[in-house]
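Colleague: A single structure is presented below for examination.
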Amino acid sequence: MFNLPNPDGYLSASDVKDVAEEVIAPLPLPGVEGSPLDPGDIWLVVILACVNQTSIWETCKDTDGTPCDDTTFTWLHTLDRDWLEFVANLLLGRLAMTILDPDRSRIVSIDFIDNPYHGEHYNEEGELCSMAPKDGTTTCHRYCTAYVVSNEKPVTLAMTYVRNDEDEADAVERVLARVENYPFEIDLLLADSGFYNERVIRRAREIAATVVHVPKKGERMKDKLDTHKSYMTTYRMYKDSERELRFPLAVAVSYQNGDRGKHGEVVRGYVACGVTDRSAKQVERLYRKRSGIETSYRLLRQARGITTTRDPVVRFAIMLVAALLENLWLVLRWAVVARPRRGGRDLPDEFTFKTFCDWIRHELEEELRRRWKIRANGVGLPASQAVAAG
């Protein structure tokens with residue numbers, strides 16, 4: 001899939017750009033029949049837009065060595081979502097297993113990413129999902145993702161597009177199926193309250209021990225959470241129906257001692273499948289391990305290109321490129337740059353994700369001939385102002 005630079009010498013910006021191109025180039029882009037372009041020409045534009053956090057239009061406008069933005073989008077509109085998603089997940093997996101030990105078990109977190117969207121749907125209403133108000137809109141394109149919970153290697157394991165007209169549990173099933181295919185054992189699956197769903201819980205607990213944050217909805221659940229003491233109990237979802245699901249419920253009571261300006265008692269509930277040997281407070285501590293994925297989200301946003309296109313597949317492709325770049329950075333940082341030491345590797349502070357993106361940007365701007373000049377007006381100052389200025 002790609003060749004890692006030799007760790008005996010120096011990792012250069014040119015090396016980083018070349019391997020990034022190798023990783024992204026296999027994404028399937030049917031393209032326009034009879035066009036003299038190559039898919040690689042288009043993906044270079046997308047990579048530069050992502051690391052520059054700018055639009056494809058701006059990227060094409062500011063460079064001489066790229067196709068025009070109309071041509072670029074004509075190609076990108078030929079993307080097939082299912083095929084793109086399949087190949088992208090293969091690439092995410094290959095990158096992940098470059099640095100993850102298959103003999104070591106892992107904690108995995110699943111989550112939804114909502115990409116705020118302004119405007120109408122492209123082809124079908126099912127493309128857009130609803131969300132809480134953010135950035136002046138309540139509509140978004142949604143993706144379901146799975147991450148390894150790790151401070152050193154928070155790699156993305158899988159990603160899928162979520163439609164509004166499908167059961168979200170179907171999207172979760174796709175992600176869990178891909179996670180299940182990884183060669184390592186899964187110690188624990190973690191998910192927030194968006195995954196408090198009968199089908200999701202049933203499927204997740206088949207794979208590994210599962211902890212899911214419980215929303216405070218329904219009178220029976222509110223009664224369980226009406227307490228001042230942590231405890232373990234059993235809860236029956238859809239009680240006395242054909243869909244009834246029994247699961248261990250951890251009810252944890254904690255106190256906010258001025259954290260973020262808040263005070264007082266907080267009661268939280270957690271689905272606790274496979275961890276009933278723990279106390280409710282220990283279950284809560286397990287769940288808090290997923291907080292590390294916020295770092296991964298923050299990094300992902302640093303390599304997400306901007307676009308006003310309504311095409312959900314193009315927007316999904318940009319998100320996938322960002323995820324692949326983040327995984328590649330983790331691979332290079334750990335396998336090429338980090339120095340071996342007793343008990344692990346010493347991860348370098350200087351090779352940040354921003355540095356990684358800056359290096360790719362620098363090399364691509366040289367290769368694609370970034371324009372560093374603009375036509376002058378041919379007039380200059382009016383005569384009276386020119387005299388005054390002199």
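Just so we're on the same page: first chain in the structure tokens is A, next is B, and so on; residues restart at 1 for each chain, and ligands are numbered from 1 in the order they show up.
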Skip Ala322 (chain A) itself and residues of its chain fewer than 6 positions away, then list as a list in words all residues within 8 Å of it, counting only C-alpha atoms.
Modeller: Cys50, Leu300, Arg301, Ala303, Arg304 and Gly305 of chain A
Colleague: What lies within 8 Å of region 101-104 of chain A using only C-alpha atoms, ignoring chain neighbours under 5 positions off, as a ChimeraX atom specification?
Modeller: /A:183-185
Colleague: Please identify all polymer residues within 8 Å of Leu76 (chain A), counting only C-alpha atoms, omitting same-chain residues fewer than 3 positions from it, and present them as an mmCIF file with all heavy atoms, in the first residue's frame.
Modeller:
```
data_model
loop_
_atom_site.group_PDB
_atom_site.id
_atom_site.type_symbol
_atom_site.label_atom_id
_atom_site.label_comp_id
_atom_site.auth_asym_id
_atom_site.auth_seq_id
_atom_site.Cartn_x
_atom_site.Cartn_y
_atom_site.Cartn_z
ATOM 1 N N LEU A 29 -11.556 6.386 -7.880
ATOM 2 C CA LEU A 29 -12.148 7.544 -8.526
ATOM 3 C C LEU A 29 -12.361 7.201 -10.000
ATOM 4 O O LEU A 29 -11.422 7.233 -10.790
ATOM 5 C CB LEU A 29 -11.223 8.758 -8.380
ATOM 6 C CG LEU A 29 -11.710 10.099 -8.938
ATOM 7 C CD1 LEU A 29 -13.034 10.492 -8.289
ATOM 8 C CD2 LEU A 29 -10.665 11.177 -8.692
ATOM 9 N N GLY A 31 -13.701 8.731 -12.522
ATOM 10 C CA GLY A 31 -13.274 9.788 -13.421
ATOM 11 C C GLY A 31 -14.129 9.926 -14.661
ATOM 12 O O GLY A 31 -15.171 9.284 -14.804
ATOM 13 N N ILE A 42 -6.326 14.562 -9.287
ATOM 14 C CA ILE A 42 -7.465 15.058 -8.505
ATOM 15 C C ILE A 42 -7.200 14.905 -7.013
ATOM 16 O O ILE A 42 -7.460 15.824 -6.215
ATOM 17 C CB ILE A 42 -8.754 14.321 -8.901
ATOM 18 C CG1 ILE A 42 -8.982 14.393 -10.418
ATOM 19 C CG2 ILE A 42 -9.944 14.870 -8.124
ATOM 20 C CD1 ILE A 42 -9.101 15.798 -10.967
ATOM 21 N N THR A 72 -12.114 19.461 -11.564
ATOM 22 C CA THR A 72 -11.891 18.661 -10.352
ATOM 23 C C THR A 72 -13.201 18.123 -9.797
ATOM 24 O O THR A 72 -13.324 16.931 -9.468
ATOM 25 C CB THR A 72 -11.171 19.508 -9.283
ATOM 26 O OG1 THR A 72 -9.920 19.964 -9.802
ATOM 27 C CG2 THR A 72 -10.939 18.694 -8.016
ATOM 28 N N PHE A 73 -14.219 18.981 -9.713
ATOM 29 C CA PHE A 73 -15.502 18.533 -9.175
ATOM 30 C C PHE A 73 -16.224 17.597 -10.143
ATOM 31 O O PHE A 73 -16.945 16.691 -9.709
ATOM 32 C CB PHE A 73 -16.383 19.728 -8.833
ATOM 33 C CG PHE A 73 -16.138 20.267 -7.458
ATOM 34 C CD1 PHE A 73 -15.536 21.498 -7.262
ATOM 35 C CD2 PHE A 73 -16.492 19.525 -6.337
ATOM 36 C CE1 PHE A 73 -15.302 21.984 -5.991
ATOM 37 C CE2 PHE A 73 -16.267 20.002 -5.054
ATOM 38 C CZ PHE A 73 -15.662 21.234 -4.885
ATOM 39 N N LEU A 79 -17.526 9.753 -7.945
ATOM 40 C CA LEU A 79 -17.250 8.829 -6.840
ATOM 41 C C LEU A 79 -18.464 7.963 -6.531
ATOM 42 O O LEU A 79 -19.601 8.444 -6.523
ATOM 43 C CB LEU A 79 -16.863 9.611 -5.582
ATOM 44 C CG LEU A 79 -15.470 10.242 -5.545
ATOM 45 C CD1 LEU A 79 -15.376 11.265 -4.414
ATOM 46 C CD2 LEU A 79 -14.404 9.163 -5.366
ATOM 47 N N VAL A 314 -18.825 13.551 -2.071
ATOM 48 C CA VAL A 314 -17.612 14.371 -2.097
ATOM 49 C C VAL A 314 -17.257 14.824 -0.691
ATOM 50 O O VAL A 314 -16.086 14.781 -0.273
ATOM 51 C CB VAL A 314 -17.792 15.583 -3.035
ATOM 52 C CG1 VAL A 314 -16.561 16.489 -2.982
ATOM 53 C CG2 VAL A 314 -18.047 15.122 -4.472
#
```
Colleague: Using only C-alpha atoms, pick whichever of A:Leu368, A:Ala323, A:Val87, A:Cys68 has the shortest atom-to-atom distance to Pro28 (chain A).
Modeller: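 That would be A:Val87, the residue with the smallest distance to Pro28 (chain A).
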Colleague: Counting only C-alpha atoms, figure out which residue out of A:Ile318, A:Asp62, A:Phe356, A:Leu90 gets nearest to Val337 (chain A).
Modeller: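 Among A:Ile318, A:Asp62, A:Phe356, A:Leu90, it is A:Phe356 that comes nearest to Val337 (chain A).
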Colleague: Name all residues at most 9 Å from Ile24 (chain A) (count only C-alpha atoms; drop same-chain ones fewer than 3 positions away) and give them as number ranges by chain.
Modeller: A: 19-21, 27, 40, 43-44, 47, 88, 91, 321, 324-325
Colleague: I need the alpha helix (DSSP H) residues of region 41-215 of chain A per DSSP on the backbone, written as number ranges by chain.
Modeller: A: 41-51, 56-61, 69-76, 81-99, 168-180, 198-207
Colleague: If you run DSSP on the backbone, which residues of region 305-356 of chain A are strand (DSSP E or B), as a count of residues only?
Modeller: 7
Colleague: Sorted by chain and rising residue number, which residues of region 231-313 of chain A lie within 6 Å of region 208-217 of chain A, and what are their closest atom pairs and distances in Å to one decimal, counting only C-alpha atoms, as CSV?
Modeller:
```
residue,atom,partner,partner_atom,distance
A:Gly269,CA,A:Val214,CA,5.1
A:Tyr270,CA,A:His213,CA,4.6
A:Val271,CA,A:Val212,CA,4.9
A:Ala272,CA,A:Val211,CA,4.9
A:Cys273,CA,A:Thr210,CA,5.1
A:Gly274,CA,A:Ala209,CA,4.4
```
Colleague: Can you pull out every residue within 7 Å of Leu245 (chain A), counting only C-alpha atoms, but drop anything in the same chain fewer than 4 positions away, and send it as number ranges by chain?
Modeller: A: 198, 236-238
Colleague: Ranking A:Met159, A:Val331, A:Met232, A:Val108 by minimum distance to Pro248 (chain A) and counting only C-alpha atoms, which one comes first?
Modeller: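 Smallest separation from Pro248 (chain A) among the options: A:Met232.
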Colleague: Grab the CA of Lys61 (chain A) to CA of Leu37 (chain A) distance for me, in Å with one decimal place.
Modeller: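 Computing the Euclidean distance for CA of Lys61 (chain A) and CA of Leu37 (chain A) yields 17.8 Å.
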